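J.: What follows is structure-v4.cif, mmCIF, C-alpha atoms (C1' of nucleotides).
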```cif
data_input
loop_
_atom_site.label_atom_id
_atom_site.label_comp_id
_atom_site.auth_asym_id
_atom_site.auth_seq_id
_atom_site.Cartn_x
_atom_site.Cartn_y
_atom_site.Cartn_z
CA MET A 1 -15.21 12.32 -13.66
CA ILE A 2 -12.16 11.18 -15.51
CA SER A 3 -10.85 7.69 -15.84
CA LEU A 4 -7.57 6.87 -14.20
CA THR A 5 -4.99 5.07 -16.30
CA PRO A 6 -1.66 3.60 -15.26
CA THR A 7 -0.16 6.93 -16.28
CA SER A 8 -2.41 8.62 -13.74
CA TYR A 9 -1.19 6.36 -10.98
CA ILE A 10 2.40 6.92 -11.90
CA VAL A 11 1.85 10.62 -11.44
CA LEU A 12 -0.07 10.16 -8.21
CA GLY A 13 2.52 7.73 -6.91
CA LEU A 14 5.48 9.92 -7.72
CA VAL A 15 3.86 13.04 -6.31
CA SER A 16 3.07 11.06 -3.21
CA GLN A 17 6.71 10.02 -2.84
CA ALA A 18 8.00 13.52 -3.43
CA GLY A 19 5.41 15.40 -1.41
CA GLU A 20 5.40 18.04 -4.08
CA ALA A 21 6.81 18.00 -7.58
CA THR A 22 7.05 19.81 -10.89
CA PRO A 23 6.54 17.93 -14.14
CA TYR A 24 10.24 18.10 -14.76
CA GLY A 25 10.87 16.56 -11.39
CA LEU A 26 8.44 13.78 -12.24
CA LYS A 27 10.31 13.25 -15.45
CA GLN A 28 13.55 12.78 -13.53
CA MET A 29 12.03 10.49 -10.96
CA ALA A 30 10.33 8.40 -13.60
CA ALA A 31 13.50 8.08 -15.61
CA ALA A 32 15.38 6.86 -12.55
CA THR A 33 12.85 4.33 -11.35
CA VAL A 34 9.41 3.32 -12.54
CA GLY A 35 10.05 4.49 -16.09
CA ASN A 36 12.33 1.51 -16.46
CA PHE A 37 9.52 -1.01 -16.38
CA PHE A 38 6.56 1.08 -17.28
CA SER A 39 7.55 3.41 -20.09
CA ILE A 40 5.65 6.59 -20.66
CA PRO A 41 6.55 9.50 -22.95
CA HIS A 42 7.69 12.66 -21.26
CA SER A 43 4.96 14.79 -22.73
CA GLN A 44 2.44 12.85 -20.69
CA LEU A 45 4.14 13.97 -17.52
CA TYR A 46 3.13 17.49 -18.38
CA ALA A 47 -0.36 16.69 -19.63
CA GLU A 48 -1.43 14.20 -17.02
CA PRO A 49 -0.86 16.24 -13.83
CA GLU A 50 -2.88 19.01 -15.39
CA ARG A 51 -5.71 16.60 -16.07
CA LEU A 52 -5.54 15.28 -12.53
CA ALA A 53 -5.55 18.78 -11.11
CA GLN A 54 -8.63 19.70 -13.12
CA ALA A 55 -10.39 16.67 -11.73
CA GLY A 56 -9.48 17.49 -8.15
CA TYR A 57 -6.85 14.85 -7.49
CA LEU A 58 -3.96 17.30 -7.22
CA LYS A 59 -3.50 20.88 -6.20
CA VAL A 60 -1.26 23.27 -8.05
CA ARG A 61 0.99 26.00 -6.79
CA ARG A 62 2.48 28.22 -9.42
CA GLU A 63 5.78 30.03 -8.94
CA GLU A 64 5.43 33.79 -9.06
CA GLY A 65 8.66 34.84 -10.76
CA GLY A 66 11.08 33.29 -13.19
CA ARG A 67 9.87 30.15 -14.86
CA ARG A 68 6.50 30.16 -13.19
CA ARG A 69 6.77 26.44 -12.76
CA LYS A 70 3.84 24.47 -11.49
CA HIS A 71 4.24 22.42 -8.36
CA TYR A 72 1.74 19.65 -7.80
CA ALA A 73 0.74 18.01 -4.55
CA LEU A 74 -1.87 15.43 -3.57
CA ARG A 75 -5.36 16.37 -2.49
CA ALA A 76 -7.36 14.04 -0.30
CA ARG A 77 -9.10 12.68 -3.38
CA GLY A 78 -5.78 11.84 -4.98
CA ARG A 79 -4.46 10.20 -1.87
CA ARG A 80 -7.60 8.11 -1.65
CA ALA A 81 -7.46 7.06 -5.30
CA LEU A 82 -3.84 6.02 -4.96
CA ALA A 83 -4.48 4.06 -1.79
CA GLN A 84 -7.42 2.26 -3.33
CA TRP A 85 -5.42 1.32 -6.37
CA LEU A 86 -2.55 0.04 -4.26
CA GLU A 87 -4.92 -2.03 -2.19
CA ALA A 88 -6.11 -4.16 -5.09
CA PRO A 89 -3.48 -6.62 -6.31
CA THR A 90 -3.43 -7.02 -10.06
CA ALA A 91 -3.24 -10.16 -12.18
CA GLU A 92 -2.64 -8.17 -15.33
CA LEU A 93 0.24 -9.21 -17.51
CA TYR A 94 2.96 -6.94 -18.82
CA GLU A 95 3.12 -5.66 -22.35
CA LEU A 96 6.38 -5.92 -24.18
CA ARG A 97 7.68 -4.47 -27.40
CA ASP A 98 11.09 -5.72 -28.26
CA PRO A 99 12.36 -4.77 -31.72
CA GLY A 100 15.35 -7.07 -31.41
CA LEU A 101 13.28 -10.19 -30.83
CA LEU A 102 10.96 -9.07 -33.59
CA LYS A 103 13.71 -8.95 -36.15
CA LEU A 104 15.08 -12.22 -34.92
CA ALA A 105 11.72 -13.92 -35.32
CA PHE A 106 11.48 -12.75 -38.90
CA GLY A 107 14.85 -14.15 -39.79
CA SER A 108 17.22 -11.23 -39.45
CA ASP A 109 20.80 -12.40 -39.20
CA ALA A 110 21.17 -13.73 -35.69
CA ARG A 111 24.86 -13.01 -35.26
CA SER A 112 24.83 -9.34 -36.23
CA LEU A 113 21.65 -8.78 -34.31
CA ALA A 114 23.27 -10.28 -31.24
CA SER A 115 26.29 -8.05 -31.54
CA ALA A 116 24.05 -5.01 -31.67
CA GLN A 117 21.83 -6.07 -28.79
CA LEU A 118 24.35 -7.54 -26.42
CA PRO A 119 26.22 -4.34 -25.51
CA VAL A 120 22.99 -2.47 -24.99
CA HIS A 121 21.76 -5.02 -22.50
CA GLU A 122 25.12 -5.25 -20.81
CA GLU A 123 25.08 -1.53 -20.27
CA ARG A 124 21.58 -1.63 -18.97
CA LEU A 125 22.52 -4.37 -16.58
CA ARG A 126 25.34 -2.24 -15.21
CA HIS A 127 22.95 0.68 -15.00
CA PHE A 128 20.50 -1.28 -12.86
CA GLN A 129 23.27 -2.57 -10.63
CA GLU A 130 24.47 0.95 -10.09
CA LEU A 131 20.91 2.12 -9.46
CA LEU A 132 20.48 -0.57 -6.83
CA ARG A 133 23.60 0.61 -5.06
CA VAL A 134 22.32 4.19 -5.10
CA LEU A 135 18.92 3.17 -3.79
CA GLU A 136 20.46 1.17 -0.98
CA ALA A 137 22.60 4.10 0.01
CA ALA A 138 19.61 6.42 -0.15
CA GLY A 139 17.56 4.14 2.04
CA ALA A 140 14.85 3.16 -0.40
CA THR A 141 11.98 0.88 0.52
CA VAL A 142 12.39 -2.85 0.15
CA GLU A 143 9.83 -2.79 -2.68
CA GLN A 144 11.81 -0.28 -4.67
CA ARG A 145 14.86 -2.44 -4.36
CA LEU A 146 12.95 -5.55 -5.35
CA VAL A 147 11.76 -3.94 -8.53
CA VAL A 148 15.26 -3.02 -9.56
CA GLU A 149 16.40 -6.51 -8.72
CA SER A 150 13.76 -7.81 -11.07
CA GLY A 151 15.23 -5.59 -13.77
CA ILE A 152 18.66 -7.01 -13.05
CA GLY A 153 17.31 -10.52 -13.37
CA HIS A 154 15.77 -9.81 -16.74
CA GLU A 155 18.85 -8.09 -18.07
CA ARG A 156 21.00 -11.01 -17.00
CA GLU A 157 18.58 -13.21 -18.88
CA TYR A 158 18.88 -11.00 -21.95
CA VAL A 159 22.65 -11.06 -21.80
CA ARG A 160 22.65 -14.83 -21.49
CA PHE A 161 20.21 -15.05 -24.37
CA TRP A 162 22.05 -12.86 -26.84
CA LYS A 163 25.32 -14.55 -25.97
CA LYS A 164 23.73 -17.84 -26.76
CA VAL A 165 22.40 -16.49 -30.05
CA ALA A 166 25.79 -15.09 -30.97
CA GLY A 167 27.39 -18.44 -30.38
CA ALA A 168 24.70 -20.58 -31.98
CA MET B 1 5.06 7.85 -49.26
CA ILE B 2 4.13 6.46 -45.89
CA SER B 3 6.40 5.79 -42.99
CA LEU B 4 6.88 2.20 -41.93
CA THR B 5 6.49 1.41 -38.27
CA PRO B 6 7.18 -1.83 -36.42
CA THR B 7 3.53 -2.64 -37.00
CA SER B 8 4.14 -2.37 -40.72
CA TYR B 9 6.99 -4.83 -40.55
CA ILE B 10 4.97 -7.26 -38.52
CA VAL B 11 2.38 -7.27 -41.28
CA LEU B 12 4.97 -7.55 -44.01
CA GLY B 13 6.81 -10.27 -42.15
CA LEU B 14 3.72 -12.33 -41.44
CA VAL B 15 2.40 -11.99 -44.98
CA SER B 16 5.81 -13.04 -46.20
CA GLN B 17 5.72 -16.15 -44.03
CA ALA B 18 2.21 -17.07 -45.09
CA GLY B 19 2.51 -16.22 -48.75
CA GLU B 20 -0.97 -14.80 -48.60
CA ALA B 21 -3.14 -13.91 -45.65
CA THR B 22 -6.34 -12.31 -44.49
CA PRO B 23 -6.32 -9.91 -41.54
CA TYR B 24 -7.91 -12.58 -39.45
CA GLY B 25 -5.16 -14.94 -40.36
CA LEU B 26 -2.61 -12.33 -39.39
CA LYS B 27 -4.38 -11.98 -36.09
CA GLN B 28 -4.00 -15.71 -35.44
CA MET B 29 -0.39 -15.82 -36.47
CA ALA B 30 0.46 -12.79 -34.39
CA ALA B 31 -1.28 -14.19 -31.35
CA ALA B 32 0.70 -17.41 -31.64
CA THR B 33 4.12 -15.92 -32.17
CA VAL B 34 5.38 -12.37 -32.51
CA GLY B 35 2.43 -10.91 -30.63
CA ASN B 36 3.96 -12.40 -27.49
CA PHE B 37 6.89 -10.03 -27.46
CA PHE B 38 5.66 -7.21 -29.56
CA SER B 39 2.08 -6.47 -28.64
CA ILE B 40 -0.20 -4.82 -31.12
CA PRO B 41 -3.97 -4.39 -30.94
CA HIS B 42 -5.97 -6.49 -33.35
CA SER B 43 -7.65 -3.53 -34.98
CA GLN B 44 -4.28 -2.53 -36.37
CA LEU B 45 -4.09 -5.80 -38.23
CA TYR B 46 -7.06 -4.66 -40.25
CA ALA B 47 -5.98 -1.06 -40.68
CA GLU B 48 -2.33 -1.58 -41.42
CA PRO B 49 -2.53 -3.98 -44.39
CA GLU B 50 -4.96 -1.57 -46.00
CA ARG B 51 -2.48 1.25 -45.54
CA LEU B 52 0.33 -0.86 -46.94
CA ALA B 53 -1.77 -1.86 -49.92
CA GLN B 54 -2.59 1.76 -50.69
CA ALA B 55 1.08 2.57 -50.67
CA GLY B 56 1.95 -0.29 -53.00
CA TYR B 57 3.62 -2.67 -50.56
CA LEU B 58 0.90 -5.30 -50.75
CA LYS B 59 -1.60 -6.46 -53.30
CA VAL B 60 -5.16 -7.34 -52.43
CA ARG B 61 -7.41 -10.05 -53.74
CA ARG B 62 -11.00 -9.87 -52.65
CA GLU B 63 -13.21 -12.93 -52.41
CA GLU B 64 -16.19 -12.79 -54.74
CA GLY B 65 -18.84 -14.52 -52.70
CA GLY B 66 -19.59 -14.99 -49.01
CA ARG B 67 -17.54 -12.84 -46.70
CA ARG B 68 -15.70 -11.07 -49.44
CA ARG B 69 -12.56 -11.36 -47.36
CA LYS B 70 -9.42 -9.59 -48.42
CA HIS B 71 -6.31 -11.63 -49.03
CA TYR B 72 -3.04 -9.76 -48.97
CA ALA B 73 0.24 -10.73 -50.60
CA LEU B 74 3.61 -9.03 -50.98
CA ARG B 75 4.46 -6.84 -53.94
CA ALA B 76 8.07 -6.34 -54.96
CA ARG B 77 8.13 -3.09 -53.05
CA GLY B 78 6.97 -4.82 -49.90
CA ARG B 79 9.48 -7.60 -50.27
CA ARG B 80 12.22 -5.05 -50.71
CA ALA B 81 11.18 -3.01 -47.70
CA LEU B 82 11.09 -6.11 -45.51
CA ALA B 83 14.47 -7.33 -46.71
CA GLN B 84 16.04 -3.95 -46.11
CA TRP B 85 14.66 -3.79 -42.62
CA LEU B 86 15.86 -7.28 -41.82
CA GLU B 87 19.31 -6.45 -43.09
CA ALA B 88 19.93 -3.69 -40.58
CA PRO B 89 20.50 -5.00 -37.06
CA THR B 90 18.94 -2.86 -34.38
CA ALA B 91 20.34 -1.64 -31.09
CA GLU B 92 16.98 -0.40 -29.95
CA LEU B 93 15.83 -1.42 -26.52
CA TYR B 94 12.51 -2.97 -25.65
CA GLU B 95 9.66 -1.14 -24.07
CA LEU B 96 7.97 -2.69 -21.12
CA ARG B 97 4.79 -1.95 -19.25
CA ASP B 98 4.34 -4.13 -16.26
CA PRO B 99 1.46 -3.19 -13.96
CA GLY B 100 2.56 -5.66 -11.32
CA LEU B 101 6.02 -4.18 -10.91
CA LEU B 102 4.47 -0.73 -10.97
CA LYS B 103 2.24 -1.46 -8.01
CA LEU B 104 5.09 -3.12 -6.20
CA ALA B 105 7.30 -0.08 -6.65
CA PHE B 106 4.66 2.15 -5.16
CA GLY B 107 4.32 0.04 -2.08
CA SER B 108 1.39 -2.24 -2.79
CA ASP B 109 1.35 -5.22 -0.48
CA ALA B 110 4.05 -7.54 -1.78
CA ARG B 111 2.54 -10.80 -0.63
CA SER B 112 -0.91 -10.40 -2.14
CA LEU B 113 0.56 -8.97 -5.31
CA ALA B 114 2.80 -11.99 -5.60
CA SER B 115 -0.08 -14.38 -5.19
CA ALA B 116 -1.93 -12.65 -8.01
CA GLN B 117 1.05 -12.48 -10.35
CA LEU B 118 2.64 -15.84 -9.74
CA PRO B 119 -0.09 -18.04 -11.26
CA VAL B 120 -0.36 -15.82 -14.31
CA HIS B 121 3.34 -16.15 -15.03
CA GLU B 122 3.32 -19.85 -14.30
CA GLU B 123 0.58 -20.31 -16.84
CA ARG B 124 2.38 -18.23 -19.37
CA LEU B 125 5.51 -20.25 -18.84
CA ARG B 126 3.60 -23.44 -19.57
CA HIS B 127 2.07 -21.75 -22.59
CA PHE B 128 5.49 -20.93 -24.02
CA GLN B 129 6.78 -24.41 -23.33
CA GLU B 130 3.81 -25.87 -25.14
CA LEU B 131 4.30 -23.41 -28.00
CA LEU B 132 7.91 -24.46 -28.31
CA ARG B 133 6.88 -28.08 -28.60
CA VAL B 134 4.37 -27.21 -31.31
CA LEU B 135 6.90 -25.16 -33.23
CA GLU B 136 9.44 -27.92 -33.08
CA ALA B 137 6.90 -30.40 -34.38
CA ALA B 138 5.87 -28.00 -37.14
CA GLY B 139 9.47 -27.50 -38.21
CA ALA B 140 9.85 -23.82 -37.42
CA THR B 141 13.06 -21.94 -38.12
CA VAL B 142 15.76 -21.86 -35.50
CA GLU B 143 15.10 -18.16 -35.00
CA GLN B 144 11.46 -18.69 -34.22
CA ARG B 145 12.42 -21.26 -31.63
CA LEU B 146 15.03 -18.98 -30.12
CA VAL B 147 12.51 -16.24 -29.61
CA VAL B 148 10.16 -18.52 -27.76
CA GLU B 149 13.06 -19.77 -25.68
CA SER B 150 13.75 -16.19 -24.73
CA GLY B 151 10.16 -15.92 -23.57
CA ILE B 152 10.61 -19.04 -21.50
CA GLY B 153 13.71 -17.60 -19.90
CA HIS B 154 11.94 -14.43 -18.92
CA GLU B 155 8.93 -16.23 -17.54
CA ARG B 156 11.16 -18.45 -15.46
CA GLU B 157 12.75 -15.29 -14.15
CA TYR B 158 9.34 -13.84 -13.32
CA VAL B 159 8.31 -16.98 -11.52
CA ARG B 160 11.53 -16.97 -9.51
CA PHE B 161 11.02 -13.31 -8.75
CA TRP B 162 7.45 -13.46 -7.52
CA LYS B 163 8.23 -16.53 -5.45
CA LYS B 164 11.02 -14.62 -3.81
CA VAL B 165 8.70 -11.69 -3.17
CA ALA B 166 6.05 -13.97 -1.69
CA GLY B 167 8.57 -15.45 0.68
CA ALA B 168 10.37 -12.24 1.61
"C1'" DC C 1 31.11 42.40 -18.52
"C1'" DG C 2 28.64 40.87 -22.99
"C1'" DG C 3 28.10 36.82 -25.46
"C1'" DT C 4 27.91 32.03 -26.31
"C1'" DT C 5 26.88 27.50 -24.86
"C1'" DG C 6 24.81 23.72 -22.76
"C1'" DA C 7 21.74 22.12 -19.38
"C1'" DT C 8 17.34 22.75 -17.60
"C1'" DG C 9 12.45 23.19 -18.10
"C1'" DG C 10 8.25 23.40 -20.91
"C1'" DT C 11 4.64 23.66 -24.67
"C1'" DC C 12 2.17 22.38 -28.67
"C1'" DC C 13 -0.15 19.88 -32.05
"C1'" DG C 14 -0.94 16.89 -36.10
"C1'" DA C 15 -0.67 12.16 -36.84
"C1'" DA C 16 -1.07 7.52 -35.25
"C1'" DA C 17 -2.72 4.12 -32.33
"C1'" DC C 18 -6.14 2.46 -29.23
"C1'" DG C 19 -9.85 -0.21 -27.81
"C1'" DT C 20 -14.21 -1.44 -27.73
"C1'" DA C 21 -18.78 -1.85 -29.18
"C1'" DC C 22 -21.09 -3.64 -32.71
"C1'" DC C 23 -22.23 -6.09 -37.04
"C1'" DA C 24 -22.18 -10.23 -40.30
"C1'" DT C 25 -21.31 -14.86 -41.79
"C1'" DA C 26 -20.76 -19.75 -41.09
"C1'" DC C 27 -21.35 -23.97 -39.01
"C1'" DG C 28 -22.24 -27.74 -35.91
"C1'" DT C 29 -25.76 -29.93 -33.11
"C1'" DG C 30 -30.06 -31.41 -30.98
"C1'" DC D 1 -34.42 -25.41 -38.74
"C1'" DA D 2 -33.06 -22.65 -35.14
"C1'" DC D 3 -30.02 -21.73 -31.77
"C1'" DG D 4 -25.50 -21.05 -29.93
"C1'" DT D 5 -20.86 -20.29 -30.72
"C1'" DA D 6 -16.87 -19.41 -33.23
"C1'" DT D 7 -15.24 -16.93 -36.95
"C1'" DG D 8 -14.40 -12.74 -39.33
"C1'" DG D 9 -14.74 -7.70 -39.83
"C1'" DT D 10 -15.71 -2.67 -39.37
"C1'" DA D 11 -16.18 1.83 -37.63
"C1'" DC D 12 -15.02 5.63 -34.99
"C1'" DG D 13 -14.48 8.74 -30.93
"C1'" DT D 14 -10.75 9.32 -27.66
"C1'" DT D 15 -5.96 9.05 -26.14
"C1'" DT D 16 -1.34 8.80 -26.86
"C1'" DC D 17 2.59 9.65 -29.16
"C1'" DG D 18 6.64 11.84 -30.30
"C1'" DG D 19 9.21 15.18 -31.77
"C1'" DA D 20 9.94 19.93 -33.09
"C1'" DC D 21 10.34 24.03 -31.06
"C1'" DC D 22 10.51 27.70 -27.40
"C1'" DA D 23 12.22 29.87 -22.88
"C1'" DT D 24 15.11 30.37 -18.85
"C1'" DC D 25 19.23 30.15 -16.51
"C1'" DA D 26 24.05 29.53 -15.00
"C1'" DA D 27 28.70 29.19 -16.14
"C1'" DC D 28 32.55 30.27 -18.33
"C1'" DC D 29 35.43 32.67 -21.59
"C1'" DG D 30 37.32 36.25 -24.21
#
```
Kindly return the structure encoded in the file as structure tokens.
T.:
Amino acid sequence: MISLTPTSYIVLGLVSQAGEATPYGLKQMAAATVGNFFSIPHSQLYAEPERLAQAGYLKVRREEGGRRRKHYALRARGRRALAQWLEAPTAELYELRDPGLLKLAFGSDARSLASAQLPVHEERLRHFQELLRVLEAAGATVEQRLVVESGIGHEREYVRFWKKVAGA
Amino acid sequence: MISLTPTSYIVLGLVSQAGEATPYGLKQMAAATVGNFFSIPHSQLYAEPERLAQAGYLKVRREEGGRRRKHYALRARGRRALAQWLEAPTAELYELRDPGLLKLAFGSDARSLASAQLPVHEERLRHFQELLRVLEAAGATVEQRLVVESGIGHEREYVRFWKKVAGA
DNA sequence: CGGTTGATGGTCCGAAACGTACCATACGTG
DNA sequence: CACGTATGGTACGTTTCGGACCATCAACCG
């Protein structure tokens, strides 16, 4: 019996989408999508599947030659756990850690902070817009698109905000 | 020599604002302000000041009677460290962990998710608006108000978003 | 072809953070 | 005064973190 954390469900969810995946593949997928609004360090994407496999949620297939990579796929138990988790809506709130806002709150110079933060958010906004285009082309689910749209909304808000700060 | 993390600067910054503070006081202050956009567990607000005191950033005064609470205040070294940190603008991006968006991305039912998330964000929006009023009355710095306004902006965005999802 | 480089893919591990259960003090109220 | 509740604090086992480092592979160049 192990306890399943959000990290666990990210792994289960991604493996479910992919059918079968190596940790590196998970890393890529996470970076492109869910990693954007639920950050997790890459080392966990190696550790966690192993843990889940031990506990019977995933099965492993190891390459014979070359890199001997491990490919993970769902077992019935994993599929069940994922489905159960998806069934229950959550009222939990996000957690945020924004170093820029932190410095601002403590009285760091607003103008120079804004000129450091603004380009970063502008780039991220473009990144999400591009991602949305890619997802649409690739025929993603409506939910996947929604999530990216949420990211776009927040980045627009950030851009507005730091522009306001710069001009204040 | 210890390394200073964002947590360290939160402690230094709050102590600086208060002049002198107990861990419990820090907890309160954090909950009301910076904790809203840079989460940190309360146990750290007991551990971290101790660490900073050991390393010469803070001085401690311990109550004689009763609870023998510890009051922390800045030393020159702490003041310097804080000032230096505030001087350098940061281009670092936030980190976000949003369980709601995570479930949505993996295909959880959008409608029921929205009806769980919407009220939470609506309440938080009201909370920020109230906080802003309090800060204005208490004569907070313009930066402190800006940060709360940023929170308001994001919560408005969340409310818009989940309403859209509910109606989609 | 051999060698160098850069991208891909992966492991490890000490240090830091987490979170939660639990303990202690104070105080207002019936 | 005793009971409940808010205040205030500690301790500690378990997870996470993050970053340094290692290995494989393909491509291109001299």
J.: Name the residues that the PyMOL selection byres ((chain A) within 6 of (chain B)) picks from the file above, as number ranges by chain, using the file's chain letters and numbers.
T.: A: 37-38, 86, 89, 91, 94-98, 104-105, 108, 113, 116-117, 143-144
J.: Let me know the residues the PyMOL selection byres ((chain B) within 12 of (chain C)) catches in the file above, as a compact mmCIF listing (two decimals) with C-alpha atoms, keeping the file's coordinate frame.
T.:
```txt
# COMPACT_ATOMS: atom_id res chain seq x y z
CA ILE B 2 4.13 6.46 -45.89
CA SER B 3 6.40 5.79 -42.99
CA LEU B 4 6.88 2.20 -41.93
CA THR B 5 6.49 1.41 -38.27
CA THR B 7 3.53 -2.64 -37.00
CA ILE B 40 -0.20 -4.82 -31.12
CA PRO B 41 -3.97 -4.39 -30.94
CA HIS B 42 -5.97 -6.49 -33.35
CA SER B 43 -7.65 -3.53 -34.98
CA GLN B 44 -4.28 -2.53 -36.37
CA LEU B 45 -4.09 -5.80 -38.23
CA ALA B 47 -5.98 -1.06 -40.68
CA GLU B 48 -2.33 -1.58 -41.42
CA GLY B 65 -18.84 -14.52 -52.70
CA GLY B 66 -19.59 -14.99 -49.01
CA ARG B 67 -17.54 -12.84 -46.70
CA ARG B 68 -15.70 -11.07 -49.44
CA ARG B 69 -12.56 -11.36 -47.36
```
J.: To one decimal place in Å, what is the distance between atom CA of B:Ala140 and atom CA of B:Gly25?
T.: 17.7 Å
J.: Given only C-alpha atoms (C1' of nucleotides) as the basis, pick out the residue of D:DT7, D:DA26, D:DC21, D:DG13 nearest to chain B.
T.: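 Selected residue with least distance to chain B: D:DT7.
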J.: To one decimal place, how far is atom CA of B:Glu20 from atom CA of B:Phe128 in Å?
T.: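 It comes out at 26.1 Å.
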J.: Run the PyMOL selection byres ((chain D) within 12 of (chain A)) on the file and write out the hits as a list in words.
T.: DT14, DT15, DT16, DC17, DG18, DG19, DA23, DT24 and DC25 of chain D
J.: Using only C-alpha atoms, which of B:His71, B:Gly19, B:Ser8, B:Met29 sits nearest B:Tyr57?
T.: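 Counting only C-alpha atoms, the residue closest to B:Tyr57 is B:Ser8.
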J.: Could you jot down the atom C1' of D:DG4 to atom CA of B:Ala32 separation for me, Å, one decimal place?
T.: 26.5 Å
